[in-house]
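What follows is the content of my_file-v9.pdb (PDB, C-alpha atoms).
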ATOM      1  CA  MET A 933     130.645 140.665  66.636  1.00  0.00           C
ATOM      2  CA  THR A 934     132.660 138.073  64.744  1.00  0.00           C
ATOM      3  CA  ILE A 935     133.876 134.880  66.335  1.00  0.00           C
ATOM      4  CA  ARG A 936     137.593 134.341  66.111  1.00  0.00           C
ATOM      5  CA  THR A 937     138.842 130.861  65.341  1.00  0.00           C
ATOM      6  CA  PRO A 938     142.374 129.432  64.975  1.00  0.00           C
ATOM      7  CA  GLN A 939     143.995 130.489  61.689  1.00  0.00           C
ATOM      8  CA  THR A 940     147.308 129.256  60.286  1.00  0.00           C
ATOM      9  CA  ILE A 941     149.865 131.894  59.301  1.00  0.00           C
ATOM     10  CA  ILE A 942     153.174 131.176  57.586  1.00  0.00           C
ATOM     11  CA  PRO A 943     155.754 133.900  58.260  1.00  0.00           C
ATOM     12  CA  ARG A 944     158.599 134.255  55.759  1.00  0.00           C
ATOM     13  CA  SER A 945     162.272 135.075  56.032  1.00  0.00           C
ATOM     14  CA  GLU A 946     163.717 138.125  54.309  1.00  0.00           C
ATOM     15  CA  GLY A 947     163.762 138.149  50.539  1.00  0.00           C
ATOM     16  CA  SER A 948     166.547 139.585  48.401  1.00  0.00           C
ATOM     17  CA  ARG A 949     167.469 140.553  44.870  1.00  0.00           C
ATOM     18  CA  VAL A 950     169.412 137.980  42.886  1.00  0.00           C
ATOM     19  CA  ASN A 951     170.807 139.281  39.602  1.00  0.00           C
ATOM     20  CA  GLY A 952     168.319 142.156  39.856  1.00  0.00           C
ATOM     21  CA  ILE A 953     165.266 139.888  40.312  1.00  0.00           C
ATOM     22  CA  TRP A 954     163.346 139.810  43.602  1.00  0.00           C
ATOM     23  CA  GLN A 955     163.356 136.416  45.321  1.00  0.00           C
ATOM     24  CA  ASP A 956     160.840 135.871  48.147  1.00  0.00           C
ATOM     25  CA  GLY A 957     162.137 134.644  51.467  1.00  0.00           C
ATOM     26  CA  ALA A 958     161.649 131.045  52.547  1.00  0.00           C
ATOM     27  CA  ASP A 959     158.593 129.917  54.502  1.00  0.00           C
ATOM     28  CA  LEU A 960     159.200 129.748  58.252  1.00  0.00           C
ATOM     29  CA  PRO A 961     157.410 127.378  60.647  1.00  0.00           C
ATOM     30  CA  ALA A 962     153.658 128.035  60.763  1.00  0.00           C
ATOM     31  CA  ILE A 963     152.054 129.824  63.695  1.00  0.00           C
ATOM     32  CA  THR A 964     148.444 129.835  64.851  1.00  0.00           C
ATOM     33  CA  ILE A 965     146.557 133.054  65.604  1.00  0.00           C
ATOM     34  CA  LEU A 966     142.940 133.749  66.475  1.00  0.00           C
ATOM     35  CA  GLY A 967     141.082 135.532  63.696  1.00  0.00           C
ATOM     36  CA  SER A 968     137.994 135.713  61.542  1.00  0.00           C
ATOM     37  CA  VAL A 969     138.199 135.205  57.759  1.00  0.00           C
ATOM     38  CA  GLN A 970     135.406 136.761  55.704  1.00  0.00           C
ATOM     39  CA  PRO A 971     134.718 137.457  52.030  1.00  0.00           C
ATOM     40  CA  ALA A 972     136.130 140.653  50.595  1.00  0.00           C
ATOM     41  CA  THR A 973     133.853 143.399  49.302  1.00  0.00           C
ATOM     42  CA  LYS A 974     133.822 145.012  45.860  1.00  0.00           C
ATOM     43  CA  GLY A 975     135.338 148.072  47.542  1.00  0.00           C
ATOM     44  CA  ASP A 976     138.262 145.937  48.734  1.00  0.00           C
ATOM     45  CA  TYR A 977     138.954 144.813  45.151  1.00  0.00           C
ATOM     46  CA  ASP A 978     138.696 148.409  43.910  1.00  0.00           C
ATOM     47  CA  GLN A 979     141.116 149.586  46.619  1.00  0.00           C
ATOM     48  CA  LEU A 980     143.708 146.989  45.679  1.00  0.00           C
ATOM     49  CA  GLN A 981     143.420 147.667  41.943  1.00  0.00           C
ATOM     50  CA  ALA A 982     144.505 151.239  42.680  1.00  0.00           C
ATOM     51  CA  GLU A 983     147.254 150.314  45.165  1.00  0.00           C
ATOM     52  CA  GLN A 984     148.820 147.086  43.887  1.00  0.00           C
ATOM     53  CA  SER A 985     150.507 148.014  40.638  1.00  0.00           C
ATOM     54  CA  GLY A 986     151.899 144.934  38.946  1.00  0.00           C
ATOM     55  CA  ARG A 987     150.173 142.491  41.320  1.00  0.00           C
ATOM     56  CA  ARG A 988     147.149 140.643  39.955  1.00  0.00           C
ATOM     57  CA  ILE A 989     144.502 139.824  42.576  1.00  0.00           C
ATOM     58  CA  GLU A 990     141.825 137.313  41.552  1.00  0.00           C
ATOM     59  CA  ARG A 991     140.464 136.076  44.873  1.00  0.00           C
ATOM     60  CA  LEU A 992     140.500 138.126  48.041  1.00  0.00           C
ATOM     61  CA  VAL A 993     139.493 137.619  51.681  1.00  0.00           C
ATOM     62  CA  ARG A 994     139.481 139.752  54.821  1.00  0.00           C
ATOM     63  CA  LEU A 995     141.230 138.624  58.009  1.00  0.00           C
ATOM     64  CA  TYR A 996     140.306 140.259  61.318  1.00  0.00           C
ATOM     65  CA  THR A 997     142.716 139.636  64.217  1.00  0.00           C
ATOM     66  CA  ASP A 998     144.550 141.408  67.017  1.00  0.00           C
ATOM     67  CA  ALA A 999     147.877 139.947  65.766  1.00  0.00           C
ATOM     68  CA  ARG A1000     150.208 142.335  63.930  1.00  0.00           C
ATOM     69  CA  LEU A1001     151.489 140.555  60.820  1.00  0.00           C
ATOM     70  CA  PRO A1002     153.737 141.716  57.951  1.00  0.00           C
ATOM     71  CA  VAL A1003     152.101 142.558  54.616  1.00  0.00           C
ATOM     72  CA  ALA A1004     153.593 142.508  51.111  1.00  0.00           C
ATOM     73  CA  GLY A1005     155.704 145.558  50.353  1.00  0.00           C
ATOM     74  CA  GLU A1006     155.948 146.584  54.006  1.00  0.00           C
ATOM     75  CA  ASP A1007     159.349 145.030  54.678  1.00  0.00           C
ATOM     76  CA  ARG A1008     161.814 142.607  53.111  1.00  0.00           C
ATOM     77  CA  THR A1009     159.785 139.520  54.152  1.00  0.00           C
ATOM     78  CA  ASN A1010     157.218 140.298  51.411  1.00  0.00           C
ATOM     79  CA  GLY A1011     154.271 139.489  53.672  1.00  0.00           C
ATOM     80  CA  ALA A1012     152.997 136.528  55.646  1.00  0.00           C
ATOM     81  CA  ILE A1013     150.802 133.790  54.178  1.00  0.00           C
ATOM     82  CA  LEU A1014     147.315 132.874  55.437  1.00  0.00           C
ATOM     83  CA  LEU A1015     146.307 129.251  54.854  1.00  0.00           C
ATOM     84  CA  TRP A1016     142.567 129.249  54.181  1.00  0.00           C
ATOM     85  CA  GLU A1017     140.468 126.389  52.804  1.00  0.00           C
ATOM     86  CA  GLY A1018     143.475 124.635  51.293  1.00  0.00           C
ATOM     87  CA  GLU A1019     144.833 127.741  49.535  1.00  0.00           C
ATOM     88  CA  ARG A1020     147.651 130.183  50.286  1.00  0.00           C
ATOM     89  CA  TYR A1021     146.721 133.865  50.588  1.00  0.00           C
ATOM     90  CA  LEU A1022     149.341 136.625  50.694  1.00  0.00           C
ATOM     91  CA  LEU A1023     148.621 139.454  53.130  1.00  0.00           C
ATOM     92  CA  VAL A1024     148.630 142.530  50.866  1.00  0.00           C
ATOM     93  CA  ALA A1025     147.073 145.340  52.947  1.00  0.00           C
ATOM     94  CA  VAL A1026     146.405 146.195  56.592  1.00  0.00           C
ATOM     95  CA  SER A1027     144.191 148.724  58.377  1.00  0.00           C
ATOM     96  CA  PRO A1028     144.317 149.186  62.149  1.00  0.00           C
ATOM     97  CA  TRP A1029     140.846 149.453  63.702  1.00  0.00           C
ATOM     98  CA  ARG A1030     141.212 151.307  66.969  1.00  0.00           C
ATOM     99  CA  SER A1031     137.884 153.128  67.429  1.00  0.00           C
ATOM    100  CA  THR A1032     135.893 150.141  68.649  1.00  0.00           C
ATOM    101  CA  ALA A1033     135.807 148.303  71.954  1.00  0.00           C
ATOM    102  CA  LEU A1034     137.628 145.406  70.259  1.00  0.00           C
ATOM    103  CA  LYS A1035     140.996 146.663  69.013  1.00  0.00           C
ATOM    104  CA  HIS A1036     142.132 144.743  65.937  1.00  0.00           C
ATOM    105  CA  TYR A1037     143.614 144.806  62.440  1.00  0.00           C
ATOM    106  CA  ARG A1038     141.809 144.174  59.176  1.00  0.00           C
ATOM    107  CA  TYR A1039     144.016 142.511  56.569  1.00  0.00           C
ATOM    108  CA  LEU A1040     143.277 141.928  52.917  1.00  0.00           C
ATOM    109  CA  ALA A1041     144.779 138.711  51.601  1.00  0.00           C
ATOM    110  CA  GLY A1042     144.979 137.710  47.937  1.00  0.00           C
ATOM    111  CA  MET A1043     145.092 134.090  46.808  1.00  0.00           C
ATOM    112  CA  ILE A1044     148.434 132.992  45.448  1.00  0.00           C
ATOM    113  CA  PRO A1045     147.888 131.068  42.197  1.00  0.00           C
ATOM    114  CA  ARG A1046     149.225 127.526  42.198  1.00  0.00           C
ATOM    115  CA  SER A1047     152.117 126.822  39.879  1.00  0.00           C
ATOM    116  CA  PRO A1048     151.160 124.776  36.796  1.00  0.00           C
TER
END
Starting from the file, lay out its structure as structure tokens.
Amino acid sequence: MTIRTPQTIIPRSEGSRVNGIWQDGADLPAITILGSVQPATKGDYDQLQAEQSGRRIERLVRLYTDARLPVAGEDRTNGAILLWEGERYLLVAVSPWRSTALKHYRYLAGMIPRSP
């Protein structure tokens, strides 16, 4: 069993197209959830390579929590942000885990590269 600790999540407002180019929504005030952040597996990277066309993922983590959060491509908010060890990670995939005694979601979150 994993121990859940406070994790900072930054929800985002709706994005939109401006002159045909997608613009992410603005960051909203941060919230705190309970969750466990763990390293991603090679299988996680392989899964995202097949699913995330056009999105380059270099560093990936797993987030386990009972909170339902938006992921990239799911709605117009383009996914929430996990703050982890001083970096921003975009939630890019979710899997509900309902067959165990502890009902939760497993998210995959990819690090957002810092602007130069």
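When the PyMOL selection byres ((chain A and resi 966) around 9) is evaluated against the file, it yields Arg936, Thr937, Pro938, Gln939, Thr940, Thr964, Ile965, Gly967, Ser968, Tyr996, Thr997, Asp998 and Ala999 of chain A.
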Next on the checklist: Just to confirm, what's the straight-line distance from CA of Gly947 (chain A) to CA of Leu992 (chain A) in Å (one decimal)?
Outcome noted: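 Computed distance, CA of Gly947 (chain A) to CA of Leu992 (chain A), equals 23.4 Å.
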Item to check | Gap from CA of Pro1028 (chain A) to CA of Gly1042 (chain A) - Å, one decimal | outcome: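 Spanning CA of Pro1028 (chain A) to CA of Gly1042 (chain A) is a straight-line distance of 18.3 Å.
You can rank A:Ala972, A:Leu960, A:Ala1033, A:Leu1015 by their closest distance to Arg991 (chain A) using all atoms listed in the file, and at the top of that list sits A:Ala972.
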Next on the checklist: My list of candidates is A:Val950, A:Ala958, A:Ile1044, A:Ile963. Which is closest to Tyr1021 (chain A) when distances are computed with only C-alpha atoms?
Outcome noted: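 Closest residue, counting only C-alpha atoms: A:Ile1044.
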Checklist entry - Could you state the separation of CA of Ile935 (chain A) and CA of Tyr1037 (chain A) in Å, given to one decimal place? => result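 If I compute the distance from CA of Ile935 (chain A) to CA of Tyr1037 (chain A), I get 14.4 Å.
For the residues A:Asp1007, A:Val993, A:Lys1035, A:Pro961, ranking by smallest atom-to-atom distance to Thr973 (chain A) using all atoms listed in the file places A:Val993 first.
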Item to check | A:Pro943, A:Ser948, A:Tyr977, A:Leu1023 ranked by distance to Arg1008 (chain A), top pick (using all atoms listed in the file) | outcome: A:Ser948
Have region 995-1006 of chain A completed to all heavy atoms, please, and pass it along as a JSON list (two decimals), in the coordinates of the input.
[["chain", "number", "residue", "atom", "x", "y", "z"],
["A", 995, "LEU", "N", 140.85, 139.29, 56.77],
["A", 995, "LEU", "CA", 141.23, 138.62, 58.01],
["A", 995, "LEU", "C", 141.19, 139.66, 59.12],
["A", 995, "LEU", "O", 141.85, 140.69, 59.02],
["A", 995, "LEU", "CB", 142.64, 138.03, 57.90],
["A", 995, "LEU", "CG", 143.28, 137.54, 59.20],
["A", 995, "LEU", "CD1", 142.51, 136.35, 59.77],
["A", 995, "LEU", "CD2", 144.74, 137.18, 58.97],
["A", 996, "TYR", "N", 140.38, 139.39, 60.14],
["A", 996, "TYR", "CA", 140.31, 140.26, 61.32],
["A", 996, "TYR", "C", 141.00, 139.55, 62.47],
["A", 996, "TYR", "O", 140.68, 138.40, 62.79],
["A", 996, "TYR", "CB", 138.86, 140.54, 61.70],
["A", 996, "TYR", "CG", 138.11, 141.35, 60.69],
["A", 996, "TYR", "CD1", 137.40, 140.74, 59.66],
["A", 996, "TYR", "CD2", 138.11, 142.74, 60.75],
["A", 996, "TYR", "CE1", 136.70, 141.48, 58.73],
["A", 996, "TYR", "CE2", 137.41, 143.50, 59.81],
["A", 996, "TYR", "CZ", 136.72, 142.86, 58.81],
["A", 996, "TYR", "OH", 136.04, 143.61, 57.88],
["A", 997, "THR", "N", 141.97, 140.22, 63.11],
["A", 997, "THR", "CA", 142.72, 139.64, 64.22],
["A", 997, "THR", "C", 143.38, 140.75, 65.02],
["A", 997, "THR", "O", 143.52, 141.87, 64.53],
["A", 997, "THR", "CB", 143.78, 138.65, 63.71],
["A", 997, "THR", "OG1", 144.48, 138.07, 64.82],
["A", 997, "THR", "CG2", 144.78, 139.31, 62.79],
["A", 998, "ASP", "N", 143.79, 140.42, 66.25],
["A", 998, "ASP", "CA", 144.55, 141.41, 67.02],
["A", 998, "ASP", "C", 146.05, 141.20, 66.84],
["A", 998, "ASP", "O", 146.86, 141.94, 67.39],
["A", 998, "ASP", "CB", 144.16, 141.39, 68.50],
["A", 998, "ASP", "CG", 144.40, 140.06, 69.18],
["A", 998, "ASP", "OD1", 144.86, 139.12, 68.51],
["A", 998, "ASP", "OD2", 144.12, 139.97, 70.38],
["A", 999, "ALA", "N", 146.46, 140.21, 66.03],
["A", 999, "ALA", "CA", 147.88, 139.95, 65.77],
["A", 999, "ALA", "C", 148.40, 140.91, 64.70],
["A", 999, "ALA", "O", 147.74, 141.14, 63.69],
["A", 999, "ALA", "CB", 148.06, 138.51, 65.30],
["A", 1000, "ARG", "N", 149.57, 141.47, 64.93],
["A", 1000, "ARG", "CA", 150.21, 142.34, 63.93],
["A", 1000, "ARG", "C", 151.11, 141.47, 63.06],
["A", 1000, "ARG", "O", 152.04, 140.83, 63.55],
["A", 1000, "ARG", "CB", 151.01, 143.44, 64.62],
["A", 1000, "ARG", "CG", 151.65, 144.42, 63.64],
["A", 1000, "ARG", "CD", 150.59, 145.16, 62.81],
["A", 1000, "ARG", "NE", 151.20, 146.15, 61.96],
["A", 1000, "ARG", "CZ", 151.45, 145.98, 60.66],
["A", 1000, "ARG", "NH1", 151.14, 144.85, 60.06],
["A", 1000, "ARG", "NH2", 152.00, 146.94, 59.95],
["A", 1001, "LEU", "N", 150.79, 141.41, 61.77],
["A", 1001, "LEU", "CA", 151.49, 140.56, 60.82],
["A", 1001, "LEU", "C", 152.06, 141.40, 59.68],
["A", 1001, "LEU", "O", 151.49, 142.43, 59.32],
["A", 1001, "LEU", "CB", 150.51, 139.53, 60.24],
["A", 1001, "LEU", "CG", 149.78, 138.66, 61.27],
["A", 1001, "LEU", "CD1", 148.60, 137.94, 60.62],
["A", 1001, "LEU", "CD2", 150.74, 137.67, 61.90],
["A", 1002, "PRO", "N", 153.17, 140.96, 59.07],
["A", 1002, "PRO", "CA", 153.74, 141.72, 57.95],
["A", 1002, "PRO", "C", 152.91, 141.53, 56.68],
["A", 1002, "PRO", "O", 152.38, 140.45, 56.43],
["A", 1002, "PRO", "CB", 155.14, 141.13, 57.78],
["A", 1002, "PRO", "CG", 155.07, 139.76, 58.37],
["A", 1002, "PRO", "CD", 154.01, 139.82, 59.45],
["A", 1003, "VAL", "N", 152.81, 142.62, 55.90],
["A", 1003, "VAL", "CA", 152.10, 142.56, 54.62],
["A", 1003, "VAL", "C", 153.09, 142.79, 53.47],
["A", 1003, "VAL", "O", 154.16, 143.37, 53.68],
["A", 1003, "VAL", "CB", 150.93, 143.58, 54.54],
["A", 1003, "VAL", "CG1", 149.91, 143.31, 55.61],
["A", 1003, "VAL", "CG2", 151.43, 145.00, 54.63],
["A", 1004, "ALA", "N", 152.73, 142.36, 52.29],
["A", 1004, "ALA", "CA", 153.59, 142.51, 51.11],
["A", 1004, "ALA", "C", 153.96, 143.97, 50.89],
["A", 1004, "ALA", "O", 153.11, 144.85, 50.98],
["A", 1004, "ALA", "CB", 152.90, 141.94, 49.88],
["A", 1005, "GLY", "N", 155.23, 144.21, 50.63],
["A", 1005, "GLY", "CA", 155.70, 145.56, 50.35],
["A", 1005, "GLY", "C", 156.03, 146.37, 51.59],
["A", 1005, "GLY", "O", 156.58, 147.45, 51.50],
["A", 1006, "GLU", "N", 155.72, 145.85, 52.76],
["A", 1006, "GLU", "CA", 155.95, 146.58, 54.01],
["A", 1006, "GLU", "C", 157.39, 146.44, 54.49],
["A", 1006, "GLU", "O", 157.95, 147.35, 55.08],
["A", 1006, "GLU", "CB", 154.97, 146.05, 55.06],
["A", 1006, "GLU", "CG", 155.05, 146.72, 56.40],
["A", 1006, "GLU", "CD", 154.02, 146.17, 57.34],
["A", 1006, "GLU", "OE1", 154.13, 144.98, 57.72],
["A", 1006, "GLU", "OE2", 153.10, 146.92, 57.68]]
